[in-house]
$ cat input19.txt   # compact mmCIF, C-alpha atoms
# COMPACT_ATOMS: atom_id res chain seq x y z
CA MET W 1121 -8.56 -1.58 22.50
CA LYS W 1122 -5.05 -2.05 21.11
CA TYR W 1123 -5.31 -4.71 18.43
CA ILE W 1124 -1.65 -4.83 17.41
CA THR W 1125 1.47 -4.53 19.56
CA PHE W 1126 4.95 -3.88 18.19
CA ASP W 1127 8.37 -4.66 19.60
CA GLU W 1128 9.55 -1.17 20.48
CA THR W 1129 13.17 -2.31 20.84
CA ARG W 1130 13.54 -2.77 17.08
CA PRO W 1131 15.16 0.09 15.11
CA PHE W 1132 12.94 -0.13 12.01
CA ASP W 1133 9.23 0.56 12.18
CA LEU W 1134 8.33 -0.91 8.80
CA VAL W 1135 10.14 -2.81 6.05
CA LEU W 1136 8.26 -3.00 2.78
CA LEU W 1137 8.63 -5.53 -0.02
CA GLY W 1138 7.53 -5.06 -3.60
CA ARG W 1139 7.24 -2.68 -6.46
CA VAL W 1140 9.35 0.43 -6.97
CA ALA W 1141 8.47 2.13 -10.25
CA VAL W 1142 8.57 5.44 -12.08
CA ASP W 1143 5.36 7.35 -12.77
CA PHE W 1144 4.87 9.81 -15.61
CA ASN W 1145 1.84 11.99 -14.89
CA PRO W 1146 0.64 14.43 -17.57
CA VAL W 1147 0.87 18.13 -16.90
CA ASP W 1148 -1.51 18.82 -19.81
CA TYR W 1149 -4.23 16.65 -18.27
CA PHE W 1150 -8.01 16.46 -18.76
CA GLN W 1151 -7.53 15.02 -22.23
CA PRO W 1152 -6.73 11.55 -23.65
CA LEU W 1153 -3.22 10.22 -23.06
CA GLU W 1154 -2.46 10.22 -26.79
CA GLU W 1155 -2.92 14.01 -26.83
CA CYS W 1156 -0.70 14.67 -23.79
CA THR W 1157 2.80 15.89 -24.59
CA THR W 1158 4.25 16.98 -21.24
CA PHE W 1159 4.76 14.76 -18.18
CA LYS W 1160 6.29 15.03 -14.71
CA LYS W 1161 8.41 12.14 -13.45
CA TYR W 1162 7.86 10.73 -9.95
CA VAL W 1163 8.79 7.71 -7.88
CA GLY W 1164 5.82 5.33 -7.99
CA GLY W 1165 4.59 1.88 -7.06
CA SER W 1166 2.18 1.35 -4.17
CA PRO W 1167 4.65 0.03 -1.57
CA ALA W 1168 7.17 2.70 -2.56
CA ASN W 1169 4.55 5.40 -2.04
CA ILE W 1170 3.57 3.97 1.35
CA ALA W 1171 7.25 3.92 2.35
CA VAL W 1172 7.55 7.61 1.50
CA GLY W 1173 4.30 8.33 3.34
CA VAL W 1174 5.33 6.68 6.62
CA ALA W 1175 8.81 8.21 6.40
CA ARG W 1176 7.29 11.68 6.15
CA HIS W 1177 5.35 10.84 9.30
CA GLY W 1178 8.59 10.16 11.13
CA LEU W 1179 8.63 6.36 10.98
CA LYS W 1180 11.85 4.54 10.10
CA ALA W 1181 11.31 2.52 6.92
CA GLY W 1182 13.40 0.04 4.96
CA PHE W 1183 12.76 -1.79 1.70
CA PHE W 1184 13.37 -5.11 -0.05
CA ALA W 1185 13.39 -4.49 -3.82
CA ARG W 1186 15.15 -4.88 -7.13
CA VAL W 1187 15.56 -1.90 -9.44
CA SER W 1188 17.21 -1.37 -12.82
CA ASP W 1189 20.94 -0.82 -13.02
CA ASP W 1190 20.66 2.52 -14.80
CA GLN W 1191 19.78 6.16 -14.22
CA LEU W 1192 16.16 5.39 -13.37
CA GLY W 1193 17.43 2.99 -10.71
CA ASP W 1194 19.57 5.87 -9.45
CA PHE W 1195 16.54 8.17 -9.48
CA VAL W 1196 14.37 6.00 -7.21
CA THR W 1197 17.11 5.02 -4.76
CA HIS W 1198 18.36 8.60 -4.41
CA PHE W 1199 14.78 9.78 -3.82
CA PHE W 1200 14.38 7.17 -1.07
CA GLU W 1201 17.65 8.23 0.53
CA LYS W 1202 16.55 11.88 0.57
CA GLU W 1203 13.34 10.77 2.33
CA GLY W 1204 15.32 8.89 4.99
CA ILE W 1205 14.33 5.42 3.76
CA ASP W 1206 17.01 2.76 4.18
CA THR W 1207 18.11 1.43 0.77
CA SER W 1208 20.66 -1.16 1.92
CA ARG W 1209 18.39 -4.02 0.76
CA ILE W 1210 17.54 -2.51 -2.63
CA ARG W 1211 19.57 -4.45 -5.21
CA ARG W 1212 20.38 -3.65 -8.83
CA CYS W 1213 19.32 -6.09 -11.55
CA GLU W 1214 22.14 -7.96 -13.27
CA HIS W 1215 20.69 -8.96 -16.64
CA GLY W 1216 19.28 -5.75 -18.07
CA GLU W 1217 15.81 -5.89 -16.51
CA LYS W 1218 14.14 -2.47 -16.45
CA ILE W 1219 12.21 -0.59 -13.81
CA GLY W 1220 8.47 -0.41 -14.36
CA LEU W 1221 7.14 2.68 -16.12
CA THR W 1222 3.62 3.96 -15.51
CA PHE W 1223 1.98 6.53 -17.77
CA THR W 1224 -1.22 7.92 -16.32
CA GLU W 1225 -4.21 9.33 -18.13
CA ILE W 1226 -6.24 11.96 -16.27
CA LEU W 1227 -9.34 12.46 -18.39
CA SER W 1228 -11.36 14.24 -15.73
CA ARG W 1229 -11.61 14.63 -11.97
CA ASP W 1230 -13.53 11.34 -11.84
CA GLU W 1231 -11.94 9.30 -14.63
CA SER W 1232 -8.31 8.19 -14.77
CA SER W 1233 -6.48 5.20 -16.18
CA ILE W 1234 -3.01 3.72 -15.95
CA LEU W 1235 -0.78 2.33 -18.69
CA MET W 1236 2.00 0.14 -17.28
CA TYR W 1237 5.11 -1.11 -19.03
CA ARG W 1238 6.18 -4.27 -17.20
CA ASN W 1239 7.97 -6.52 -19.70
CA CYS W 1240 11.33 -7.87 -18.47
CA ILE W 1241 10.54 -6.09 -15.22
CA ALA W 1242 13.04 -5.31 -12.46
CA ASP W 1243 10.86 -5.60 -9.36
CA LEU W 1244 9.90 -9.23 -10.06
CA GLN W 1245 13.60 -10.18 -10.07
CA LEU W 1246 13.74 -9.92 -6.27
CA CYS W 1247 14.92 -13.38 -5.20
CA PRO W 1248 15.03 -15.39 -1.95
CA ALA W 1249 18.76 -14.72 -1.57
CA ASP W 1250 17.93 -10.98 -1.30
CA ILE W 1251 15.89 -11.59 1.88
CA ASP W 1252 17.97 -11.79 5.04
CA GLU W 1253 16.67 -12.70 8.45
CA GLU W 1254 18.66 -10.08 10.37
CA TYR W 1255 16.86 -7.24 8.59
CA ILE W 1256 13.48 -8.78 9.41
CA LYS W 1257 14.51 -9.30 13.05
CA ASN W 1258 15.21 -5.57 13.27
CA THR W 1259 11.82 -4.30 12.11
CA LYS W 1260 8.54 -4.10 13.96
CA ALA W 1261 6.56 -5.13 10.86
CA ILE W 1262 6.91 -6.02 7.21
CA LEU W 1263 4.49 -5.00 4.49
CA ILE W 1264 4.04 -7.40 1.58
CA SER W 1265 2.59 -5.91 -1.61
CA GLY W 1266 0.49 -8.37 -3.59
CA THR W 1267 2.15 -7.43 -6.87
CA SER W 1268 5.34 -9.09 -5.63
CA LEU W 1269 3.54 -12.46 -5.77
CA ALA W 1270 2.79 -12.28 -9.50
CA ALA W 1271 5.82 -14.24 -10.72
CA SER W 1272 9.00 -16.01 -9.69
CA PRO W 1273 11.48 -15.38 -8.20
CA SER W 1274 9.78 -12.44 -6.48
CA ARG W 1275 6.93 -14.56 -5.11
CA GLU W 1276 9.37 -16.94 -3.40
CA ALA W 1277 11.22 -13.94 -1.95
CA ALA W 1278 7.97 -12.60 -0.54
CA LEU W 1279 6.99 -15.98 0.91
CA LYS W 1280 10.45 -16.33 2.49
CA ALA W 1281 10.03 -12.91 4.09
CA VAL W 1282 6.66 -13.98 5.52
CA MET W 1283 8.14 -17.20 6.92
CA LEU W 1284 11.04 -15.37 8.54
CA ALA W 1285 8.68 -12.75 9.96
CA LYS W 1286 6.57 -15.48 11.56
CA ARG W 1287 9.68 -17.12 13.04
CA ASN W 1288 10.82 -13.81 14.54
CA ASN W 1289 7.45 -12.48 15.76
CA THR W 1290 7.58 -9.63 13.26
CA ARG W 1291 4.12 -8.31 12.39
CA ILE W 1292 2.92 -8.94 8.84
CA ILE W 1293 0.85 -6.44 6.86
CA PHE W 1294 -0.60 -7.59 3.53
CA ASP W 1295 -1.60 -4.88 1.08
CA ILE W 1296 -3.32 -6.92 -1.64
CA ASP W 1297 -2.50 -4.28 -4.30
CA TYR W 1298 -3.93 -6.17 -7.28
CA ARG W 1299 -2.69 -5.26 -10.75
CA PRO W 1300 -3.68 -7.49 -13.68
CA TYR W 1301 -0.23 -7.34 -15.27
CA ASN W 1302 2.09 -10.38 -15.02
CA TRP W 1303 -0.52 -12.75 -13.54
CA ALA W 1304 -1.23 -15.96 -15.49
CA SER W 1305 -4.73 -16.68 -14.11
CA GLU W 1306 -7.21 -15.87 -11.36
CA ASP W 1307 -6.57 -19.29 -9.82
CA GLU W 1308 -2.90 -18.37 -9.46
CA ILE W 1309 -3.88 -15.06 -7.84
CA SER W 1310 -6.07 -16.82 -5.27
CA ILE W 1311 -3.39 -19.39 -4.43
CA TYR W 1312 -0.65 -16.90 -3.62
CA TYR W 1313 -2.78 -14.13 -2.13
CA SER W 1314 -4.43 -16.55 0.28
CA MET W 1315 -1.04 -17.99 1.32
CA VAL W 1316 0.07 -14.57 2.56
CA ALA W 1317 -3.33 -13.47 3.85
CA ARG W 1318 -3.61 -16.43 6.22
CA GLU W 1319 -0.35 -15.37 7.92
CA ALA W 1320 -1.01 -11.62 8.04
CA ASP W 1321 -1.86 -9.57 11.12
CA ILE W 1322 -3.39 -6.80 8.97
CA ILE W 1323 -4.97 -7.24 5.53
CA MET W 1324 -5.94 -4.25 3.39
CA GLY W 1325 -7.79 -4.44 0.08
CA SER W 1326 -10.83 -3.58 -1.99
CA ARG W 1327 -13.87 -5.82 -2.26
CA GLU W 1328 -12.62 -6.93 -5.68
CA GLU W 1329 -9.22 -7.80 -4.24
CA PHE W 1330 -10.72 -9.91 -1.46
CA ASP W 1331 -12.92 -11.68 -4.02
CA LEU W 1332 -9.80 -12.61 -6.00
CA THR W 1333 -8.06 -13.78 -2.82
CA GLU W 1334 -11.01 -16.00 -1.86
CA LYS W 1335 -11.85 -17.37 -5.32
CA LEU W 1336 -10.62 -20.89 -4.51
CA ILE W 1337 -11.86 -20.79 -0.91
CA GLU W 1338 -15.48 -19.64 -1.18
CA GLU W 1339 -17.03 -17.21 -3.63
CA GLY W 1340 -19.77 -14.69 -2.98
CA ARG W 1341 -18.91 -13.68 0.57
CA ASP W 1342 -20.05 -10.39 2.04
CA ASP W 1343 -17.67 -8.17 4.00
CA TRP W 1344 -18.55 -9.60 7.41
CA GLN W 1345 -18.02 -13.16 6.19
CA THR W 1346 -14.69 -12.21 4.66
CA ALA W 1347 -13.47 -10.49 7.81
CA SER W 1348 -14.62 -13.34 10.04
CA TYR W 1349 -12.82 -15.91 7.90
CA TRP W 1350 -9.46 -14.11 8.08
CA HIS W 1351 -9.87 -13.36 11.78
CA ARG W 1352 -10.17 -17.11 12.37
CA ARG W 1353 -6.79 -17.52 10.69
CA ASN W 1354 -4.51 -14.83 12.08
CA ALA W 1355 -5.69 -11.32 11.16
CA LYS W 1356 -6.33 -8.78 13.89
CA ILE W 1357 -7.53 -6.06 11.48
CA VAL W 1358 -9.17 -6.53 8.08
CA ILE W 1359 -9.78 -3.37 6.04
CA ILE W 1360 -12.19 -3.60 3.10
CA LYS W 1361 -12.44 -0.60 0.78
CA HIS W 1362 -15.39 0.42 -1.38
CA GLY W 1363 -13.98 3.48 -3.14
CA LYS W 1364 -16.18 6.56 -2.86
CA LYS W 1365 -18.61 4.65 -0.62
CA GLY W 1366 -15.96 4.47 2.09
CA SER W 1367 -14.10 1.71 3.90
CA THR W 1368 -14.51 -0.41 7.00
CA ALA W 1369 -12.00 -1.87 9.45
CA TYR W 1370 -13.17 -5.15 10.97
CA THR W 1371 -11.36 -6.04 14.18
CA SER W 1372 -10.78 -9.42 15.82
CA ASP W 1373 -13.15 -8.62 18.71
CA GLY W 1374 -16.10 -8.55 16.29
CA LYS W 1375 -16.34 -4.76 15.95
CA SER W 1376 -16.37 -2.67 12.80
CA TYR W 1377 -15.42 0.94 12.12
CA THR W 1378 -16.61 2.69 8.97
CA VAL W 1379 -15.26 5.88 7.43
CA LYS W 1380 -16.24 7.87 4.35
CA PRO W 1381 -13.98 9.93 2.07
CA PHE W 1382 -13.45 13.56 2.99
CA PRO W 1383 -14.99 15.89 0.37
CA VAL W 1384 -12.25 17.18 -1.88
CA ASP W 1385 -11.79 18.77 -5.29
CA ALA W 1386 -10.10 15.72 -6.83
CA LEU W 1387 -7.56 15.92 -9.63
CA LYS W 1388 -7.25 12.18 -10.26
CA SER W 1389 -8.80 8.91 -9.13
CA PHE W 1390 -5.60 7.04 -8.19
CA GLY W 1391 -3.04 7.40 -5.40
CA GLY W 1392 -5.55 7.62 -2.57
CA GLY W 1393 -5.02 4.06 -1.38
CA ASP W 1394 -1.32 4.61 -0.75
CA GLY W 1395 -1.99 7.74 1.31
CA TYR W 1396 -4.70 5.82 3.18
CA GLY W 1397 -2.26 3.03 4.03
CA ALA W 1398 0.49 5.39 5.18
CA GLY W 1399 -1.85 7.47 7.31
CA PHE W 1400 -3.63 4.51 8.88
CA LEU W 1401 -0.38 2.78 9.81
CA TYR W 1402 1.01 5.99 11.31
CA GLY W 1403 -1.97 6.15 13.66
CA LEU W 1404 -1.69 2.46 14.49
CA TYR W 1405 1.99 2.77 15.40
CA ASN W 1406 1.08 5.63 17.71
CA GLY W 1407 -1.57 3.57 19.49
CA TRP W 1408 -4.51 5.71 18.42
CA ASP W 1409 -8.17 4.78 18.65
CA MET W 1410 -9.27 2.87 15.54
CA TYR W 1411 -11.50 5.70 14.32
CA ASP W 1412 -8.62 8.15 14.63
CA CYS W 1413 -6.36 5.84 12.60
CA LEU W 1414 -8.98 5.49 9.89
CA GLU W 1415 -9.85 9.17 9.87
CA PHE W 1416 -6.19 10.12 9.45
CA GLY W 1417 -5.77 7.59 6.63
CA CYS W 1418 -8.97 8.74 4.96
CA ALA W 1419 -7.84 12.37 5.12
CA GLU W 1420 -4.47 11.53 3.59
CA ALA W 1421 -6.23 9.58 0.82
CA SER W 1422 -8.38 12.58 -0.04
CA MET W 1423 -5.34 14.84 -0.07
CA MET W 1424 -3.59 12.51 -2.50
CA VAL W 1425 -6.39 12.33 -5.07
CA ALA W 1426 -6.26 16.13 -5.10
CA ALA W 1427 -2.48 16.11 -5.71
CA HIS W 1428 -0.59 15.60 -8.99
CA SER W 1429 1.82 12.91 -7.75
CA CYS W 1430 1.46 9.80 -5.59
CA SER W 1431 4.82 10.24 -3.81
CA THR W 1432 6.26 13.75 -3.94
CA ASP W 1433 3.02 15.33 -2.69
CA LEU W 1434 2.58 13.04 0.33
CA PRO W 1435 1.94 15.19 3.41
CA ASN W 1436 3.52 15.41 6.84
CA PRO W 1437 1.41 14.86 9.99
CA GLN W 1438 0.70 18.55 10.61
CA GLN W 1439 -0.61 18.98 7.07
CA VAL W 1440 -3.00 16.07 7.56
CA HIS W 1441 -4.20 17.40 10.92
CA ASP W 1442 -4.75 20.83 9.35
CA PHE W 1443 -6.74 19.25 6.51
CA ILE W 1444 -8.94 17.36 8.99
CA LYS W 1445 -9.55 20.51 11.04
CA MET W 1446 -10.41 22.54 7.94
CA SER W 1447 -12.76 19.84 6.63
CA LYS W 1448 -14.63 19.55 9.91
CA GLU W 1449 -15.03 23.30 10.18
CA LYS W 1450 -16.47 23.35 6.66
CA TYR W 1451 -18.54 20.15 6.56
CA GLY W 1452 -19.20 19.19 10.18
CA GLU W 1453 -17.55 17.12 12.90
CA THR W 1454 -18.63 13.75 11.50
CA VAL W 1455 -17.68 14.45 7.88
CA CYS W 1456 -15.56 11.27 7.76
CA CYS W 1457 -16.96 8.98 10.46
CA ASP W 1458 -19.89 8.98 12.86
CA ARG W 1459 -18.47 8.06 16.24
CA ASN W 1460 -21.97 7.44 17.59
CA GLU W 1461 -22.79 4.65 15.14

$ encode --input "input19.txt" --output "structure tokens"
Amino acid sequence: MKYITFDETRPFDLVLLGRVAVDFNPVDYFQPLEECTTFKKYVGGSPANIAVGVARHGLKAGFFARVSDDQLGDFVTHFFEKEGIDTSRIRRCEHGEKIGLTFTEILSRDESSILMYRNCIADLQLCPADIDEEYIKNTKAILISGTSLAASPSREAALKAVMLAKRNNTRIIFDIDYRPYNWASEDEISIYYSMVAREADIIMGSREEFDLTEKLIEEGRDDWQTASYWHRRNAKIVIIKHGKKGSTAYTSDGKSYTVKPFPVDALKSFGGGDGYGAGFLYGLYNGWDMYDCLEFGCAEASMMVAAHSCSTDLPNPQQVHDFIKMSKEKYGETVCCDRNE
């Protein structure tokens, strides 16, 4: 069953809204961050990584964002341009706000942490005037990253984009993407997350992220109750992630599809979710069976936790297919999902 249809006459496949940042990942990893001395610089930020991922799969992506008016702003926009991502709606900040910096700590293959610098931050300066209806009319879907809702004026820009998408029958994808930075309270998180979630066609998040979204609605729900609630609003697909235990897509016809991570020699414990999102959406745009979409996303997630970066190392479709083939030859046909369940 095809749960989502897209207007194939529109030139853009996906326009994303939210955080563009710069990641510094240690080269001398497997030790505390304070002992690391050498780092590699990458484009970062969850929606930015997803944009790169779908672009490498051949989809046409655009972006609503604010970045710093300096060399790091140049770095991220030039990287996007090289990847074929449209940057016409990426604006420079006008009052000295700086792009977010993320220093990562890779203590072991199972333990990583992230140190973010987000004071006077550029991405939260995105304002309603930056969001134009014509751009939204020309894309099949928009993806709203939850981080964009953390403060004004970015939250109003995101809500305007959602309203214009609804008016123009543009599909809405909500990647909850919770980060504790910049939020004032959990009540505030629930208010703004739920406002976007109730309008979204696809919602993706962890169990913790859905709990935060539903805090002021009803606490203590299980996954089925959560999915059913959002299906009664607007969602066609609700994806709930449980880390190493796997993830499940709940569809509006009452079905569920569960996948498990592909076995991999991980380098870090972050970056997988962005690969998952890019891979899943690629399958969805191509009209694949739900298990095939999830399997492709799951494979890309495993590839990304084994890679040093969250953007530069994103694969192309053939690399993902090769990884799936290799994994099934090594671990068995149902290594990721049991199609007989």

$ residues_around --input "input19.txt" --residues "stretch 1256-1266 of chain W" --least-positions-apart "6" --cutoff "7 Å" --atoms "all atoms listed in the file" --output "PyMOL selection string"
chain W and resi 1126-1127+1130-1138+1167+1278+1285+1288+1290-1298+1313

$ atom_distance --input "input19.txt" --atom1 "atom CA of W:Ser1232" --atom2 "atom CA of W:His1428"
12.2 Å

$ residues_around --input "input19.txt" --residues "W:Arg1139" --least-positions-apart "6" --cutoff "10 Å" --atoms "only C-alpha atoms" --output "PyMOL selection string"
chain W and resi 1164-1169+1183-1187+1219-1220+1241-1244+1246+1264-1268

$ atom_distance --input "input19.txt" --atom1 "atom CA of W:Ser1228" --atom2 "atom CA of W:Val1140"
26.4 Å

$ atom_distance --input "input19.txt" --atom1 "atom CA of W:Asp1307" --atom2 "atom CA of W:Leu1332"
8.3 Å

$ residues_around --input "input19.txt" --residues "W:Phe1330" --least-positions-apart "5" --cutoff "12 Å" --atoms "all atoms listed in the file" --output "ChimeraX atom specification"
/W:1266,1294-1298,1309-1310,1313-1314,1317,1323-1325,1335-1347,1349-1350,1358-1362

$ residues_near_point --input "input19.txt" --point "(-0.2, 11.5, -11.8)" --cutoff "10 Å" --atoms "all atoms listed in the file" --output "PyMOL selection string"
chain W and resi 1143-1147+1149+1159-1162+1164+1222-1226+1232-1234+1387-1391+1424-1425+1427-1431

$ closest_residue --input "input19.txt" --among "W:Val1163, W:Met1121, W:Trp1303, W:Glu1328" --to "W:Phe1195" --atoms "all atoms listed in the file"
W:Val1163

$ residues_near_point --input "input19.txt" --point "(-1.1, 3.8, 11.8)" --cutoff "12 Å" --atoms "only C-alpha atoms" --output "PyMOL selection string"
chain W and resi 1122-1126+1133-1134+1170+1173-1174+1177-1179+1261+1293+1322+1357+1395-1418+1420+1437

$ residues_around --input "input19.txt" --residues "W:Asn1354" --least-positions-apart "3" --cutoff "8 Å" --atoms "all atoms listed in the file" --output "PDB file with C-alpha atoms, keeping the file's coordinate frame"
ATOM      1  CA  ARG W1318      -3.610 -16.430   6.220  1.00  0.00           C
ATOM      2  CA  GLU W1319      -0.350 -15.370   7.920  1.00  0.00           C
ATOM      3  CA  ALA W1320      -1.010 -11.620   8.040  1.00  0.00           C
ATOM      4  CA  ASP W1321      -1.860  -9.570  11.120  1.00  0.00           C
ATOM      5  CA  TRP W1350      -9.460 -14.110   8.080  1.00  0.00           C
ATOM      6  CA  HIS W1351      -9.870 -13.360  11.780  1.00  0.00           C
TER       7      HIS W1351
END

$ residues_around --input "input19.txt" --residues "W:Ala1271" --least-positions-apart "5" --cutoff "10 Å" --atoms "all atoms listed in the file" --output "list in words"
Leu1244, Gln1245, Glu1276, Asn1302, Trp1303, Ala1304, Glu1308 and Tyr1312 of chain W

$ closest_residue --input "input19.txt" --among "W:Asp1250, W:Glu1128, W:Glu1201, W:Asp1194" --to "W:Ala1141" --atoms "all atoms listed in the file"
W:Asp1194
